[in-house]
>>> print(open('coords-v1.txt').read())   # compact mmCIF, C-alpha atoms
# COMPACT_ATOMS: atom_id res chain seq x y z
CA MET S 13 124.37 79.89 84.03
CA LYS S 14 120.90 81.43 84.07
CA ILE S 15 118.90 81.72 87.29
CA ASP S 16 116.28 79.32 85.86
CA GLN S 17 118.98 76.65 85.61
CA VAL S 18 120.06 77.42 89.17
CA VAL S 19 116.51 76.83 90.38
CA ASP S 20 116.72 73.35 88.85
CA LEU S 21 119.84 72.69 90.94
CA ILE S 22 118.84 74.11 94.33
CA VAL S 23 115.12 73.30 94.49
CA SER S 24 114.24 69.61 94.46
CA LYS S 25 111.26 68.25 92.56
CA LYS S 26 109.79 67.12 95.87
CA GLU S 27 109.94 70.63 97.26
CA GLN S 28 108.40 72.00 94.08
CA LYS S 29 105.52 69.52 94.39
CA ASN S 30 105.00 70.48 98.03
CA LEU S 31 104.90 74.14 97.04
CA LEU S 32 102.37 73.36 94.33
CA ILE S 33 100.10 71.72 96.92
CA LEU S 34 100.47 74.57 99.41
CA THR S 35 99.93 77.35 96.88
CA SER S 36 96.96 75.46 95.43
CA ILE S 37 95.32 75.48 98.86
CA LEU S 38 95.72 79.26 98.98
CA TRP S 39 94.29 79.50 95.48
CA ILE S 40 91.29 77.38 96.53
CA ILE S 41 90.60 79.82 99.37
CA GLY S 42 90.74 82.78 97.00
CA SER S 43 88.57 81.09 94.42
CA ALA S 44 85.91 80.03 96.91
CA GLY S 45 85.80 83.55 98.33
CA VAL S 46 85.28 85.19 94.96
CA MET S 47 82.79 82.64 93.61
CA VAL S 48 80.54 82.32 96.66
CA MET S 49 78.43 85.34 95.71
CA PRO S 50 76.26 83.82 92.93
CA PHE S 51 74.82 81.46 95.54
CA VAL S 52 74.28 84.19 98.12
CA VAL S 53 72.90 87.09 96.06
CA PRO S 54 69.40 85.59 95.61
CA ASP S 55 69.11 85.27 99.40
CA LEU S 56 70.43 88.79 100.02
CA VAL S 57 68.05 90.28 97.46
CA SER S 58 65.16 88.62 99.28
CA GLU S 59 66.32 89.35 102.85
CA TRP S 60 67.42 92.98 102.32
CA ASN S 61 65.05 93.87 99.46
CA LEU S 62 67.93 94.81 97.16
CA THR S 63 67.37 96.39 93.75
CA THR S 64 69.13 95.06 90.65
CA VAL S 65 71.56 97.98 90.82
CA GLN S 66 72.35 97.28 94.49
CA ALA S 67 72.86 93.57 93.78
CA SER S 68 75.13 94.44 90.86
CA SER S 69 77.05 96.87 93.07
CA LEU S 70 77.52 94.23 95.75
CA ILE S 71 78.84 91.77 93.17
CA SER S 72 81.13 94.41 91.67
CA SER S 73 82.46 95.63 95.03
CA VAL S 74 84.75 92.62 95.33
CA PHE S 75 86.32 93.46 91.98
CA ILE S 76 86.90 97.08 92.99
CA GLY S 77 88.75 95.71 96.00
CA MET S 78 90.58 93.20 93.82
CA LEU S 79 91.64 95.99 91.49
CA LEU S 80 93.23 97.89 94.38
CA GLY S 81 94.78 94.72 95.77
CA ALA S 82 96.25 93.80 92.40
CA LEU S 83 97.72 97.27 91.88
CA PHE S 84 99.37 97.29 95.29
CA SER S 85 100.59 93.71 94.87
CA GLY S 86 103.26 94.79 92.41
CA ILE S 87 104.76 97.20 94.94
CA ILE S 88 104.61 94.72 97.82
CA LEU S 89 105.99 91.79 95.81
CA ASP S 90 108.81 93.68 94.15
CA TYR S 91 109.94 95.70 97.17
CA PHE S 92 109.10 93.53 100.20
CA GLY S 93 109.28 90.04 98.76
CA ARG S 94 107.03 87.32 97.37
CA LYS S 95 106.59 85.50 100.69
CA ILE S 96 105.58 88.60 102.66
CA GLY S 97 103.10 89.49 99.93
CA VAL S 98 101.42 86.08 100.12
CA ILE S 99 101.13 86.14 103.93
CA PHE S 100 99.77 89.69 104.06
CA TYR S 101 97.11 89.17 101.42
CA LEU S 102 96.01 85.83 102.82
CA LEU S 103 95.36 87.42 106.22
CA VAL S 104 93.28 90.19 104.65
CA THR S 105 91.37 87.63 102.58
CA VAL S 106 90.36 85.38 105.49
CA ILE S 107 89.54 88.12 108.01
CA PHE S 108 87.19 90.18 105.84
CA THR S 109 85.54 87.22 104.16
CA VAL S 110 84.51 85.89 107.56
CA LEU S 111 83.34 89.36 108.66
CA PHE S 112 81.00 89.51 105.65
CA GLY S 113 79.01 86.75 107.33
CA PHE S 114 78.22 89.18 110.18
CA SER S 115 76.81 91.85 107.84
CA LYS S 116 73.43 93.28 108.84
CA SER S 117 72.81 95.57 105.86
CA PHE S 118 73.82 96.40 102.32
CA GLY S 119 76.24 99.08 103.57
CA SER S 120 78.29 96.87 105.89
CA ALA S 121 78.22 94.01 103.39
CA TYR S 122 79.57 96.31 100.68
CA VAL S 123 82.49 97.47 102.85
CA PHE S 124 83.46 93.95 103.97
CA ARG S 125 83.18 92.63 100.41
CA LEU S 126 85.36 95.47 99.13
CA LEU S 127 88.06 94.77 101.74
CA SER S 128 87.99 91.02 101.20
CA GLY S 129 88.35 91.77 97.49
CA PHE S 130 91.52 93.71 98.27
CA GLY S 131 92.86 90.46 99.74
CA TYR S 132 91.82 88.30 96.77
CA GLY S 133 93.22 90.81 94.28
CA GLY S 134 96.66 90.70 95.86
CA LEU S 135 96.69 87.04 96.87
CA LEU S 136 96.25 85.61 93.38
CA PRO S 137 99.17 87.39 91.65
CA SER S 138 101.30 86.91 94.78
CA VAL S 139 100.81 83.14 94.79
CA ASN S 140 101.23 82.94 91.01
CA THR S 141 104.52 84.87 91.14
CA TYR S 142 105.80 82.85 94.09
CA LEU S 143 105.22 79.48 92.42
CA SER S 144 106.45 80.58 88.98
CA GLU S 145 109.79 81.71 90.43
CA TYR S 146 110.22 78.53 92.48
CA THR S 147 109.58 76.13 89.60
CA SER S 148 111.94 74.71 86.97
CA ILE S 149 111.53 75.58 83.28
CA ARG S 150 110.05 72.24 82.23
CA LEU S 151 107.54 72.13 85.06
CA ARG S 152 106.59 75.79 85.28
CA GLY S 153 103.88 75.95 82.62
CA ARG S 154 102.14 72.77 83.77
CA TYR S 155 102.40 73.66 87.46
CA LEU S 156 100.96 77.11 86.93
CA VAL S 157 98.01 75.68 85.02
CA ILE S 158 97.47 73.09 87.77
CA LEU S 159 97.61 75.95 90.27
CA GLU S 160 94.97 77.79 88.30
CA ALA S 161 92.98 74.55 88.06
CA SER S 162 92.57 74.71 91.82
CA TRP S 163 90.33 77.72 91.15
CA ALA S 164 87.81 75.20 89.85
CA VAL S 165 88.29 73.07 92.98
CA GLY S 166 87.61 76.08 95.20
CA SER S 167 84.55 77.04 93.15
CA ILE S 168 83.20 73.49 93.27
CA LEU S 169 83.78 73.11 97.01
CA ILE S 170 82.06 76.38 97.95
CA ALA S 171 79.24 75.60 95.50
CA LEU S 172 78.73 72.18 97.05
CA PHE S 173 78.73 73.67 100.54
CA ALA S 174 76.29 76.40 99.49
CA VAL S 175 73.72 74.05 97.91
CA THR S 176 73.88 71.55 100.79
CA LEU S 177 74.88 72.74 104.28
CA GLY S 178 74.58 76.41 103.33
CA GLU S 179 70.95 75.90 102.37
CA LYS S 180 70.24 74.36 105.78
CA LEU S 181 72.38 76.58 108.02
CA GLY S 182 71.80 79.86 106.19
CA TRP S 183 73.87 82.01 103.81
CA ARG S 184 76.07 83.42 106.60
CA TRP S 185 77.74 80.04 107.02
CA ASP S 186 78.97 80.31 103.43
CA PHE S 187 81.35 82.93 104.88
CA TYR S 188 81.97 81.62 108.39
CA ILE S 189 83.50 78.49 106.83
CA PHE S 190 86.47 80.57 105.60
CA SER S 191 87.83 80.84 109.14
CA ILE S 192 89.56 77.49 108.59
CA GLY S 193 91.72 79.20 105.95
CA ILE S 194 93.95 80.68 108.65
CA ILE S 195 95.43 77.20 109.17
CA SER S 196 97.14 77.41 105.77
CA LEU S 197 99.39 80.17 107.09
CA ILE S 198 101.23 77.82 109.46
CA PRO S 199 103.33 75.89 106.90
CA PHE S 200 103.89 79.00 104.79
CA PHE S 201 105.72 80.83 107.58
CA ARG S 202 108.46 78.18 107.32
CA LYS S 203 109.00 78.67 103.58
CA LYS S 204 111.79 80.72 102.00
CA ASP S 205 111.39 83.56 99.55
CA THR S 206 111.96 82.68 95.88
CA PRO S 207 115.51 82.05 94.58
CA LYS S 208 115.00 84.57 91.78
CA TYR S 209 113.90 87.33 94.14
CA ILE S 210 116.75 86.63 96.60
CA PHE S 211 119.32 86.60 93.79
CA GLU S 212 118.01 89.85 92.33
CA LYS S 213 118.06 91.64 95.68
CA ARG S 214 121.08 90.06 97.42
CA GLY S 215 123.15 88.46 94.67
CA VAL S 216 125.00 85.13 94.80
CA GLU S 217 126.12 85.61 98.41
CA GLY S 218 122.57 86.21 99.58
CA LEU S 219 121.43 83.11 97.72
CA LYS S 220 124.17 81.01 99.35
CA LYS S 221 123.03 81.98 102.85
CA ILE S 222 119.61 80.47 102.22
CA PHE S 223 120.16 77.69 99.67
CA ASN S 224 122.85 75.02 99.36
CA LYS S 225 124.98 74.14 96.30
CA VAL S 226 124.68 77.55 94.66
CA PRO S 227 127.05 77.98 91.65
CA GLU S 228 129.21 81.09 91.33
CA ASN S 229 128.68 81.90 87.64
CA ILE S 230 125.06 83.02 87.63
CA GLU S 231 124.07 85.37 84.81
CA GLU S 232 122.81 88.73 86.02
CA ILE S 233 119.07 89.30 85.84
CA GLU S 234 117.99 92.14 83.58
CA LYS S 235 117.88 95.32 85.65
CA VAL S 236 114.78 97.37 84.99
CA LYS S 237 113.38 100.14 87.12
CA VAL S 238 110.14 98.89 88.65
CA THR S 239 107.56 101.17 87.05
CA PHE S 240 104.39 100.61 85.08
CA SER S 241 105.99 102.37 82.12
CA GLY S 242 108.53 99.54 81.92
CA LEU S 243 105.75 97.30 80.59
CA PHE S 244 105.38 99.61 77.60
CA ARG S 245 109.00 99.65 76.51
CA LYS S 246 109.58 98.73 72.87
CA GLU S 247 110.71 95.18 73.69
CA HIS S 248 107.62 94.45 75.81
CA ILE S 249 104.79 96.50 74.26
CA LYS S 250 103.33 93.66 72.16
CA GLN S 251 103.29 91.27 75.12
CA THR S 252 101.74 93.93 77.34
CA ILE S 253 98.93 94.63 74.87
CA LEU S 254 98.26 90.91 74.49
CA VAL S 255 98.14 90.40 78.26
CA ILE S 256 95.76 93.32 78.78
CA VAL S 257 93.41 92.14 76.02
CA SER S 258 93.50 88.49 77.13
CA TRP S 259 92.90 89.20 80.80
CA PHE S 260 90.14 91.72 80.14
CA VAL S 261 88.24 89.42 77.77
CA VAL S 262 88.43 86.23 79.84
CA SER S 263 87.52 88.08 83.04
CA PHE S 264 84.63 89.93 81.41
CA VAL S 265 83.19 86.75 79.87
CA TYR S 266 83.62 84.74 83.06
CA TYR S 267 82.07 87.21 85.48
CA ALA S 268 79.40 88.43 83.07
CA LEU S 269 78.06 84.89 82.82
CA PHE S 270 78.85 83.29 86.18
CA SER S 271 78.23 86.16 88.62
CA TRP S 272 74.58 86.07 87.59
CA ALA S 273 74.45 82.37 86.64
CA PRO S 274 71.42 81.41 88.78
CA LYS S 275 69.50 84.46 87.54
CA ILE S 276 70.41 83.68 83.92
CA PHE S 277 69.10 80.12 84.32
CA ILE S 278 65.90 81.40 85.95
CA ALA S 279 65.32 84.06 83.27
CA SER S 280 66.20 81.80 80.33
CA LEU S 281 64.70 78.50 81.46
CA GLY S 282 62.00 79.48 83.93
CA ILE S 283 63.28 77.17 86.69
CA THR S 284 63.25 77.62 90.48
CA ILE S 285 66.02 79.30 92.49
CA THR S 286 67.04 75.99 94.08
CA LYS S 287 67.28 74.26 90.70
CA ALA S 288 69.16 77.24 89.25
CA LYS S 289 71.74 76.94 92.04
CA TRP S 290 72.23 73.28 91.22
CA TYR S 291 72.63 74.11 87.52
CA THR S 292 75.29 76.63 88.54
CA PHE S 293 77.03 73.95 90.59
CA PHE S 294 77.26 71.71 87.51
CA VAL S 295 78.63 74.62 85.47
CA TYR S 296 81.34 75.02 88.11
CA LEU S 297 82.15 71.32 87.73
CA ALA S 298 82.90 71.86 84.03
CA GLN S 299 85.70 74.25 84.98
CA LEU S 300 87.99 71.48 86.21
CA PRO S 301 88.36 69.52 82.94
CA GLY S 302 88.94 72.86 81.19
CA TYR S 303 91.95 73.51 83.40
CA LEU S 304 93.27 69.97 83.24
CA SER S 305 93.09 69.86 79.44
CA VAL S 306 95.30 72.94 79.09
CA ALA S 307 97.70 71.56 81.71
CA TYR S 308 98.47 68.90 79.10
CA LEU S 309 98.17 70.97 75.92
CA ILE S 310 100.27 73.88 77.16
CA GLU S 311 103.36 71.65 77.00
CA LYS S 312 102.18 69.65 73.97
CA TRP S 313 101.06 72.48 71.66
CA GLY S 314 102.70 75.45 73.35
CA ARG S 315 101.24 78.56 74.95
CA LYS S 316 100.30 80.63 71.90
CA LYS S 317 98.46 78.00 69.87
CA THR S 318 96.58 76.62 72.87
CA LEU S 319 95.44 80.06 74.04
CA ALA S 320 94.16 81.02 70.57
CA THR S 321 92.32 77.70 70.25
CA TYR S 322 90.55 78.10 73.60
CA PHE S 323 89.55 81.69 72.85
CA ILE S 324 87.96 80.45 69.63
CA GLY S 325 86.18 77.75 71.66
CA MET S 326 84.80 80.45 73.97
CA GLY S 327 83.51 82.46 71.03
CA LEU S 328 81.89 79.54 69.23
CA SER S 329 80.20 78.13 72.34
CA SER S 330 78.82 81.60 73.19
CA PHE S 331 77.36 81.78 69.68
CA LEU S 332 75.90 78.26 69.92
CA LEU S 333 74.15 79.24 73.15
CA LEU S 334 72.01 81.59 71.06
CA LEU S 335 70.67 78.54 69.18
CA ALA S 336 69.80 76.40 72.24
CA THR S 337 66.15 75.32 72.24
CA GLY S 338 65.66 73.44 75.53
CA ASN S 339 66.85 73.22 79.13
CA LEU S 340 69.29 70.38 78.54
CA SER S 341 70.81 71.84 75.37
CA PHE S 342 71.18 75.23 77.09
CA LEU S 343 72.89 73.66 80.09
CA PHE S 344 75.13 71.48 77.89
CA ILE S 345 76.40 74.46 75.87
CA VAL S 346 76.97 76.48 79.05
CA LEU S 347 79.08 73.57 80.31
CA ILE S 348 81.17 73.73 77.11
CA LEU S 349 81.52 77.50 77.49
CA SER S 350 82.65 77.00 81.08
CA PHE S 351 85.20 74.42 79.90
CA PHE S 352 86.84 76.78 77.39
CA THR S 353 86.60 79.89 79.57
CA LEU S 354 88.37 78.30 82.51
CA GLY S 355 90.91 76.78 80.17
CA VAL S 356 91.77 80.31 79.05
CA TRP S 357 92.10 81.40 82.70
CA GLY S 358 94.65 78.66 83.30
CA LEU S 359 96.58 79.64 80.20
CA VAL S 360 96.81 83.38 80.89
CA TYR S 361 98.00 82.75 84.45
CA ALA S 362 100.76 80.46 83.17
CA TYR S 363 101.65 82.55 80.12
CA THR S 364 101.84 86.03 81.67
CA PRO S 365 104.79 85.56 84.06
CA GLU S 366 106.83 84.00 81.25
CA LEU S 367 106.54 87.15 79.12
CA PHE S 368 108.33 89.55 81.48
CA PRO S 369 111.71 89.73 83.30
CA THR S 370 112.08 88.95 86.99
CA SER S 371 112.75 92.56 87.99
CA PHE S 372 109.16 93.63 87.35
CA ARG S 373 107.33 90.34 86.90
CA GLY S 374 105.35 91.09 90.06
CA THR S 375 104.32 94.46 88.63
CA ALA S 376 103.34 92.84 85.33
CA ASN S 377 101.22 90.26 87.15
CA GLY S 378 99.66 93.04 89.20
CA VAL S 379 98.71 95.03 86.09
CA ALA S 380 97.29 91.90 84.48
CA GLY S 381 95.24 91.23 87.59
CA ALA S 382 94.09 94.85 87.68
CA THR S 383 92.90 94.57 84.08
CA ALA S 384 90.87 91.51 85.01
CA ARG S 385 89.34 93.35 87.95
CA ILE S 386 88.26 96.29 85.79
CA ALA S 387 86.46 93.78 83.58
CA GLY S 388 85.00 92.18 86.71
CA ILE S 389 83.65 95.53 87.90
CA ILE S 390 81.91 96.19 84.58
CA ALA S 391 80.63 92.67 83.88
CA PRO S 392 77.97 92.34 86.64
CA TYR S 393 76.34 95.64 85.61
CA PHE S 394 76.47 94.50 81.98
CA THR S 395 74.66 91.24 82.75
CA GLY S 396 72.35 92.91 85.27
CA TYR S 397 71.15 95.21 82.49
CA PHE S 398 70.58 92.46 79.92
CA VAL S 399 69.39 89.60 82.14
CA ASP S 400 65.75 90.71 82.18
CA LYS S 401 65.83 92.11 78.63
CA SER S 402 67.88 90.12 76.12
CA ILE S 403 70.43 87.48 77.03
CA VAL S 404 70.89 86.99 73.27
CA ALA S 405 72.38 90.49 72.94
CA ALA S 406 74.73 89.87 75.87
CA LEU S 407 75.95 86.58 74.38
CA SER S 408 76.60 88.24 71.02
CA PHE S 409 79.02 90.64 72.70
CA VAL S 410 80.69 87.76 74.53
CA SER S 411 81.24 85.84 71.28
CA LEU S 412 82.78 88.84 69.52
CA PHE S 413 85.12 89.60 72.44
CA ALA S 414 86.44 86.04 72.49
CA ILE S 415 87.11 85.89 68.73
CA PHE S 416 88.89 89.27 68.89
CA ALA S 417 91.14 87.97 71.68
CA ALA S 418 91.97 84.88 69.59
CA VAL S 419 93.09 87.08 66.68
CA MET S 420 95.22 89.23 69.00
CA THR S 421 96.87 86.11 70.40
CA LEU S 422 97.84 84.90 66.93
CA VAL S 423 99.14 88.33 65.89
CA LEU S 424 100.96 89.46 69.05
CA GLY S 425 101.75 86.23 70.87
CA VAL S 426 105.21 84.71 71.24
CA GLU S 427 105.95 81.12 72.16
CA THR S 428 107.61 80.68 75.58
CA LYS S 429 107.45 76.89 75.84
CA ASP S 430 110.76 75.45 77.12
CA LYS S 431 112.38 78.89 77.04
CA ALA S 432 114.35 80.31 79.97
CA VAL S 433 112.83 83.36 81.61
CA ASN S 434 115.31 86.00 82.80
>>> encode(input="coords-v1.txt", output="structure tokens")
Amino acid sequence: MKIDQVVDLIVSKKEQKNLLILTSILWIIGSAGVMVMPFVVPDLVSEWNLTTVQASSLISSVFIGMLLGALFSGIILDYFGRKIGVIFYLLVTVIFTVLFGFSKSFGSAYVFRLLSGFGYGGLLPSVNTYLSEYTSIRLRGRYLVILEASWAVGSILIALFAVTLGEKLGWRWDFYIFSIGIISLIPFFRKKDTPKYIFEKRGVEGLKKIFNKVPENIEEIEKVKVTFSGLFRKEHIKQTILVIVSWFVVSFVYYALFSWAPKIFIASLGITITKAKWYTFFVYLAQLPGYLSVAYLIEKWGRKKTLATYFIGMGLSSFLLLLATGNLSFLFIVLILSFFTLGVWGLVYAYTPELFPTSFRGTANGVAGATARIAGIIAPYFTGYFVDKSIVAALSFVSLFAIFAAVMTLVLGVETKDKAVN
């Protein structure tokens, strides 16, 4: 009997649903923390007289931190456990996000944003790994996409707060509000580590001490030394290349467009800052149906076909944006682009952990996250350069990247729908 089948036996559907809710709350916190900056940067530029380079650096600092957090997450998750990893990174996330609200200058803001990014970078792969190893085969893909869909919920909630209460109370309250995130730690302390991790580290006897009704004949999990080089072994090299390309492209497109969204609307449409923030809020709203659509299609069509289709949608909508002639048409196409882009995010988060064995799944997720952070570091500078020159040129690059990723998915992708993951 494979460990995936054992999970079906020892973890009830009710417990899996409860875990989905709890991990989604953590994901909402991470999402809101990352996506608050587009609403704050215009105020910081005005208050601290920031240059475009400084503003780009402040946006990118979180991704530098996320890169480090993602790289270290593999070590923490694979050696200390999934649960410990989640708790540690959540604490870092909440503490330094709140401290950003007390920043008095560009220097202190940069440091706090970098450290909070370290928390986000580790929290996301930690939560993803935890839920994926606690979920049955038939539910895993859909649950992971729903988990990723909570990114849209977090983005929408922080956007709504920023354009309403945040506008009245001041930008610092966009960060003070994260102090309530510490409450989410309370129920998590009572949770167990994942069955797969416990079985790998302690065997059947260790699993019996924590879970009931554990069968004796559990198939051994593939033993692989936990190193980055393991991802590039012959049997995994195609999947690794696909993951790196997919995560880089979707992250680059997302942060290139949305980190500077209000500025893009102002530069392209000539609207006010307040109106640009509201436009950005509506773009965030379009993320949710993008996630929910793939939550259905990932089990209907499968991972590979759905991912390729949504990458093509990203590329075509980016191209169509070049042809927009008015405010409404521009906004409408951006909404479509947001729909497909966030659909891809949901897919890569669900697909990646299914491509690698348990013994270094945490490391694989960490590398995938690190790839996304490298793209996130580059993207704000990319858009900052083009935003006052030629958005058309920037969108041309975005379209080409997305189509390239679609081709790579069709060539290198394997279907993991309804397949057991060792």
>>> closest_residue(input="coords-v1.txt", among="S:Val123, S:Leu89, S:Val262, S:Leu367", to="Gly425 of chain S", atoms="only C-alpha atoms")
S:Leu367
>>> closest_residue(input="coords-v1.txt", among="S:Arg245, S:Lys29, S:Arg94, S:Lys316", to="Lys213 of chain S", atoms="all atoms listed in the file")
S:Arg94
>>> residues_around(input="coords-v1.txt", residues="segment 30-33 of chain S", least_positions_apart="2", cutoff="8 Å", atoms="all atoms listed in the file", output="NGL selection string")
:S and (26-28 or 35-37 or 143 or 155 or 159)
>>> residues_around(input="coords-v1.txt", residues="segment 296-299 of chain S", least_positions_apart="5", cutoff="12 Å", atoms="all atoms listed in the file", output="MDAnalysis selection string")
chainID S and resid 43:44 47:48 50:51 160:172 266 269:271 273:274 289:291 304:306 343:358
>>> residues_near_point(input="coords-v1.txt", point="(76.2, 95.7, 98.3)", cutoff="8 Å", atoms="all atoms listed in the file", output="number ranges by chain")
S: 66-71, 73, 118-123, 125
>>> residues_around(input="coords-v1.txt", residues="segment 317-320 of chain S", least_positions_apart="6", cutoff="8 Å", atoms="all atoms listed in the file", output="list in words")
Val306, Leu309, Ile310, Val356, Leu359, Val360, Ala417, Ala418, Val419, Thr421 and Leu422 of chain S
>>> closest_residue(input="coords-v1.txt", among="S:Val226, S:Ile76, S:Leu38, S:Ala380", to="Phe200 of chain S", atoms="all atoms listed in the file")
S:Leu38
>>> closest_residue(input="coords-v1.txt", among="S:Leu335, S:Ile249, S:Val175, S:Val46", to="Phe294 of chain S", atoms="all atoms listed in the file")
S:Val175
>>> residues_near_point(input="coords-v1.txt", point="(102.2, 78.5, 81.4)", cutoff="8 Å", atoms="all atoms listed in the file", output="CSV table (one decimal) with C-alpha atoms, keeping the file's coordinate frame")
chain,number,residue,atom,x,y,z
S,152,ARG,CA,106.6,75.8,85.3
S,153,GLY,CA,103.9,76.0,82.6
S,154,ARG,CA,102.1,72.8,83.8
S,155,TYR,CA,102.4,73.7,87.5
S,156,LEU,CA,101.0,77.1,86.9
S,157,VAL,CA,98.0,75.7,85.0
S,310,ILE,CA,100.3,73.9,77.2
S,315,ARG,CA,101.2,78.6,75.0
S,358,GLY,CA,94.6,78.7,83.3
S,359,LEU,CA,96.6,79.6,80.2
S,360,VAL,CA,96.8,83.4,80.9
S,361,TYR,CA,98.0,82.8,84.4
S,362,ALA,CA,100.8,80.5,83.2
S,363,TYR,CA,101.6,82.6,80.1
S,364,THR,CA,101.8,86.0,81.7
S,365,PRO,CA,104.8,85.6,84.1
S,366,GLU,CA,106.8,84.0,81.2
S,429,LYS,CA,107.4,76.9,75.8
